[in-house]
Amino acid sequence: MKVTVVGAGAVGATVADNIARKELCEELVLLDIKEGVAEGKALDMTQTAALLHFDTRIVGSTNDYSKTAGSDVVVVTSGIPRKPGMTREELIGVNANIVRGVCQQILEHSPDAVFVIISNPMDTMTYLALQATGIDKHRIIGMGGALDSARFRCYLSMALGCSPGDLNAMVIGGHGDTTMIPLTRLASWGPAPVSDFIAAEQLQKVAADTMVGGATLTKLLGTSAWYAPGAAGAAVVEAIVRDEKKLIACSVLLEGEYGQEDICMGVPVILGRKGWERIVDLNLNEEEKALFQKSADAVRSMNDVLKTMA
Ligand SMILES: NC(=O)C1=CN([C@@H]2O[C@H](COP(=O)(O)OP(=O)(O)OC[C@H]3O[C@@H](n4cnc5c(N)ncnc54)[C@H](O)[C@@H]3O)[C@@H](O)[C@H]2O)C=CC1
Ligand SMILES: O=C([O-])CC(=O)C(=O)O
């Protein structure tokens, strides 16, 4: 198995580090446009192998796509991150050109790869990747829901005083400060709804904190987060390379599902070796359906911006 991570910055390097530690592939290629950075980080990570006990071979590359040839999975993290006070959507102008170019070059060398798109605004970049490559929709997966759901479980576990691993909770919709939808009604601690244990206002606060989870970290760090995004990116890669059939919220092309057409946004999907295999239809109530529609309207407006840029 061969995995490539494009962009050796904060998120790309952390995805790669998690992939290597978990030995998700025999060969891992880290590629960046900045001279020497990918080679340096690949060598640095390689020097942890004896300490962390992994055998994944890590190769760095400054923009030499021939090194990525024959990749089974490619993770795209190239692009600029936001600064405090910015929205993810504001990154579209710079990142669209980067993501388009990267996806086309990757495809030339890895025609069968499954793409995991992380660069922001992620739902729009996922839609762009689909258009730029023209490949089967099942092979284009946007990573956002895995991260947002992990944050949801984190804030829930703090409120409940329990292990996040005992919680089942998912965020669907767009990967934006106002577009994501933490599914509070369906969240459970073991088999019981979390609303059995915390007050409605407390649950609403957990949902609100989850929605601005990325913005909170951006304000603290001066740039956006990487540990949880890196772990979430690697979890998606793991579900693919190990053919896990895991149910994870990912941004995928909707063609009628959840009442939407021609848009990529977060829904629960089954992930396996070929990419996303099927979309799981949750029985949303009227309020949740309305939130999903509002989220779709916002995501679609960014796709419209993309069209004006082409
Ligand atoms: N979907 C999600 O859940 C998340 C998305 N992100 C997004 O991921 C992206 C990366 O974030 P960071 O790693 O923090 O940024 P960063 O600035 O640390 O790293 C980005 C890297 O991309 C490289 N790059 C730029 N153009 C390139 C090109 N044409 N080819 C190859 N490499 C290129 C840069 O040289 C840099 O090393 C941002 O757009 C950020 O908003 C970040 C966290 C979570
Ligand atoms: O907040 C950001 O800009 C980066 C990101 O998508 C996240 O951490 O959720």
# chains A, B, ... in the order shown; residues from 1 in each chain; ligands from 1
call {"tool": "residues_around", "arguments": {"residues": "Val59 in chain A", "least_positions_apart": "6", "cutoff": "9 Å", "atoms": "only C-alpha atoms", "output": "VMD selection string"}}
result
chain A and resid 27 to 31 38 to 39 42 to 43 46 67
call {"tool": "residues_around", "arguments": {"residues": "range 131-141 of chain A", "least_positions_apart": "2", "cutoff": "8 Å", "atoms": "only C-alpha atoms", "output": "ChimeraX atom specification"}}
result
/A:100,103-104,107,113-117,126-129,143,250-253,274-277
call {"tool": "write_last_selection", "arguments": {"atoms": "C-alpha atoms", "output": "PDB file, in the first residue's frame"}}
result
ATOM      1  CA  ARG A 100      -6.888  22.131  -8.725  1.00  0.00           C
ATOM      2  CA  CYS A 103      -5.220  17.054  -7.998  1.00  0.00           C
ATOM      3  CA  GLN A 104      -4.476  17.123 -11.723  1.00  0.00           C
ATOM      4  CA  LEU A 107      -4.043  11.960 -11.149  1.00  0.00           C
ATOM      5  CA  ALA A 113      -6.013   6.746  -6.158  1.00  0.00           C
ATOM      6  CA  VAL A 114      -8.686   7.588  -3.612  1.00  0.00           C
ATOM      7  CA  PHE A 115      -8.438  11.321  -2.763  1.00  0.00           C
ATOM      8  CA  VAL A 116      -8.923  12.654   0.762  1.00  0.00           C
ATOM      9  CA  ILE A 117      -9.339  16.431   0.609  1.00  0.00           C
ATOM     10  CA  THR A 126     -13.881  18.520  -2.500  1.00  0.00           C
ATOM     11  CA  TYR A 127     -16.354  19.621  -5.174  1.00  0.00           C
ATOM     12  CA  LEU A 128     -13.455  21.215  -7.077  1.00  0.00           C
ATOM     13  CA  ALA A 129     -11.374  18.025  -6.823  1.00  0.00           C
ATOM     14  CA  MET A 143     -12.369  15.300   5.596  1.00  0.00           C
ATOM     15  CA  CYS A 250     -17.394  12.850   5.230  1.00  0.00           C
ATOM     16  CA  SER A 251     -18.047  15.384   2.500  1.00  0.00           C
ATOM     17  CA  VAL A 252     -19.170  13.529  -0.632  1.00  0.00           C
ATOM     18  CA  LEU A 253     -21.134  14.275  -3.774  1.00  0.00           C
ATOM     19  CA  LYS A 274     -12.549   1.779  -2.827  1.00  0.00           C
ATOM     20  CA  GLY A 275     -13.416   5.044  -1.074  1.00  0.00           C
ATOM     21  CA  TRP A 276     -16.890   5.861   0.200  1.00  0.00           C
ATOM     22  CA  GLU A 277     -19.199   2.948  -0.485  1.00  0.00           C
TER      23      GLU A 277
END
call {"tool": "residues_around", "arguments": {"residues": "Glu261 in chain A", "least_positions_apart": "4", "cutoff": "12 Å", "atoms": "only C-alpha atoms", "output": "VMD selection string"}}
result
chain A and resid 127 252 to 257 265 293 296 to 297 299 to 300
call {"tool": "select_by_dssp", "arguments": {"residues": "range 121-293 of chain A", "states": "strand (DSSP E)", "output": "number ranges by chain"}}
result
A: 140-142, 167-168, 171-173, 180-182, 188-189, 192-193, 246-255, 261-272, 275-279
call {"tool": "write_last_selection", "arguments": {"atoms": "C-alpha atoms", "output": "PDB file, in the first residue's frame"}}
result
ATOM      1  CA  ILE A 140     -13.281  11.770  -3.637  1.00  0.00           C
ATOM      2  CA  ILE A 141     -13.743  12.220   0.114  1.00  0.00           C
ATOM      3  CA  GLY A 142     -13.668  15.500   2.015  1.00  0.00           C
ATOM      4  CA  LEU A 167     -19.866   8.489  23.178  1.00  0.00           C
ATOM      5  CA  ASN A 168     -21.546   8.142  19.840  1.00  0.00           C
ATOM      6  CA  VAL A 171     -21.584  16.277  13.032  1.00  0.00           C
ATOM      7  CA  ILE A 172     -23.002  16.528   9.522  1.00  0.00           C
ATOM      8  CA  GLY A 173     -23.494  19.419   7.062  1.00  0.00           C
ATOM      9  CA  MET A 180     -21.973  22.345  10.602  1.00  0.00           C
ATOM     10  CA  ILE A 181     -24.748  20.476  12.396  1.00  0.00           C
ATOM     11  CA  PRO A 182     -23.878  18.640  15.624  1.00  0.00           C
ATOM     12  CA  SER A 188     -25.639   8.872  22.948  1.00  0.00           C
ATOM     13  CA  TRP A 189     -23.571   7.741  25.935  1.00  0.00           C
ATOM     14  CA  ALA A 192     -28.707   6.161  26.294  1.00  0.00           C
ATOM     15  CA  PRO A 193     -29.377   9.603  24.759  1.00  0.00           C
ATOM     16  CA  LYS A 246     -16.429   2.418   9.201  1.00  0.00           C
ATOM     17  CA  LEU A 247     -19.293   4.886   9.447  1.00  0.00           C
ATOM     18  CA  ILE A 248     -17.716   8.359   9.374  1.00  0.00           C
ATOM     19  CA  ALA A 249     -19.185  11.733   8.417  1.00  0.00           C
ATOM     20  CA  CYS A 250     -17.394  12.850   5.230  1.00  0.00           C
ATOM     21  CA  SER A 251     -18.047  15.384   2.500  1.00  0.00           C
ATOM     22  CA  VAL A 252     -19.170  13.529  -0.632  1.00  0.00           C
ATOM     23  CA  LEU A 253     -21.134  14.275  -3.774  1.00  0.00           C
ATOM     24  CA  LEU A 254     -24.856  14.216  -3.106  1.00  0.00           C
ATOM     25  CA  GLU A 255     -27.112  13.218  -5.986  1.00  0.00           C
ATOM     26  CA  GLU A 261     -28.064  17.592  -5.833  1.00  0.00           C
ATOM     27  CA  ASP A 262     -24.667  18.558  -7.265  1.00  0.00           C
ATOM     28  CA  ILE A 263     -23.016  19.492  -3.984  1.00  0.00           C
ATOM     29  CA  CYS A 264     -20.381  18.006  -1.664  1.00  0.00           C
ATOM     30  CA  MET A 265     -21.150  18.184   2.039  1.00  0.00           C
ATOM     31  CA  GLY A 266     -20.894  16.118   5.182  1.00  0.00           C
ATOM     32  CA  VAL A 267     -23.089  13.056   5.580  1.00  0.00           C
ATOM     33  CA  PRO A 268     -22.493   9.664   7.214  1.00  0.00           C
ATOM     34  CA  VAL A 269     -20.763   7.321   4.767  1.00  0.00           C
ATOM     35  CA  ILE A 270     -19.327   3.819   4.907  1.00  0.00           C
ATOM     36  CA  LEU A 271     -15.620   3.933   4.091  1.00  0.00           C
ATOM     37  CA  GLY A 272     -13.734   1.019   2.563  1.00  0.00           C
ATOM     38  CA  GLY A 275     -13.416   5.044  -1.074  1.00  0.00           C
ATOM     39  CA  TRP A 276     -16.890   5.861   0.200  1.00  0.00           C
ATOM     40  CA  GLU A 277     -19.199   2.948  -0.485  1.00  0.00           C
ATOM     41  CA  ARG A 278     -22.606   4.236   0.482  1.00  0.00           C
ATOM     42  CA  ILE A 279     -24.346   7.130   2.160  1.00  0.00           C
TER      43      ILE A 279
END
call {"tool": "select_by_dssp", "arguments": {"residues": "range 44-277 of chain A", "states": "alpha helix (DSSP H)", "output": "VMD selection string"}}
result
chain A and resid 44 to 46 49 to 52 92 to 109 122 to 133 145 to 160 200 to 211 213 to 221 227 to 241
call {"tool": "closest_residue", "arguments": {"among": "A:Asn63, A:Gln47, A:Thr56, A:Thr178", "to": "ligand 2", "atoms": "only C-alpha atoms and all ligand atoms"}}
result
A:Thr178
call {"tool": "residues_near_ligand", "arguments": {"ligand": "ligand 2", "cutoff": "7 Å", "atoms": "only C-alpha atoms and all ligand atoms", "output": "PyMOL selection string"}}
result
chain A and resi 81-82+87-88+120+144+147-148+175+213-215+218+224-226+229
call {"tool": "write_last_selection", "arguments": {"atoms": "C-alpha atoms", "output": "mmCIF file, in the first residue's frame"}}
result
data_model
loop_
_atom_site.group_PDB
_atom_site.id
_atom_site.type_symbol
_atom_site.label_atom_id
_atom_site.label_comp_id
_atom_site.auth_asym_id
_atom_site.auth_seq_id
_atom_site.Cartn_x
_atom_site.Cartn_y
_atom_site.Cartn_z
ATOM 1 C CA PRO A 81 -4.697 28.124 6.641
ATOM 2 C CA ARG A 82 -6.849 30.886 8.119
ATOM 3 C CA THR A 87 -13.578 32.287 7.958
ATOM 4 C CA ARG A 88 -12.508 29.154 6.098
ATOM 5 C CA ASN A 120 -10.220 24.629 3.143
ATOM 6 C CA GLY A 144 -14.165 17.575 8.028
ATOM 7 C CA LEU A 147 -12.741 16.115 12.976
ATOM 8 C CA ASP A 148 -15.920 17.980 13.902
ATOM 9 C CA HIS A 175 -17.424 22.171 7.523
ATOM 10 C CA GLY A 213 -14.044 24.490 17.543
ATOM 11 C CA GLY A 214 -11.676 25.404 14.709
ATOM 12 C CA ALA A 215 -12.081 29.161 15.235
ATOM 13 C CA THR A 218 -7.181 29.538 15.457
ATOM 14 C CA SER A 224 -5.489 26.771 12.559
ATOM 15 C CA ALA A 225 -5.174 23.476 14.400
ATOM 16 C CA TRP A 226 -3.212 20.377 13.352
ATOM 17 C CA PRO A 229 -7.067 17.455 12.045
#
call {"tool": "closest_residue", "arguments": {"among": "A:Leu291, A:Ala96, A:Ile106, A:Met122", "to": "ligand 1", "atoms": "only C-alpha atoms and all ligand atoms"}}
result
A:Met122
call {"tool": "closest_residue", "arguments": {"among": "A:Ile19, A:Val73, A:Val102, A:Leu183", "to": "ligand 1", "atoms": "only C-alpha atoms and all ligand atoms"}}
result
A:Val102
call {"tool": "residues_around", "arguments": {"residues": "range 154-161 of chain A", "least_positions_apart": "3", "cutoff": "9 Å", "atoms": "only C-alpha atoms", "output": "PyMOL selection string"}}
result
chain A and resi 149-151+164-167+169+194+197-198+202-203+206-207+209-210
call {"tool": "atom_distance", "arguments": {"atom1": "CA of Met86 in chain A", "atom2": "atom 43 (C, counted along the ligand's line) of ligand 1"}}
result
13.5 Å
call {"tool": "closest_residue", "arguments": {"among": "A:Ala69, A:Leu186, A:Leu220, A:Ala228", "to": "ligand 1", "atoms": "only C-alpha atoms and all ligand atoms"}}
result
A:Ala228
call {"tool": "closest_residue", "arguments": {"among": "A:Ile118, A:Ala298, A:Ala20, A:Met309", "to": "Glu89 in chain A", "atoms": "only C-alpha atoms"}}
result
A:Ala298
call {"tool": "atom_distance", "arguments": {"atom1": "CA of Val237 in chain A", "atom2": "CA of Val15 in chain A"}}
result
9.1 Å
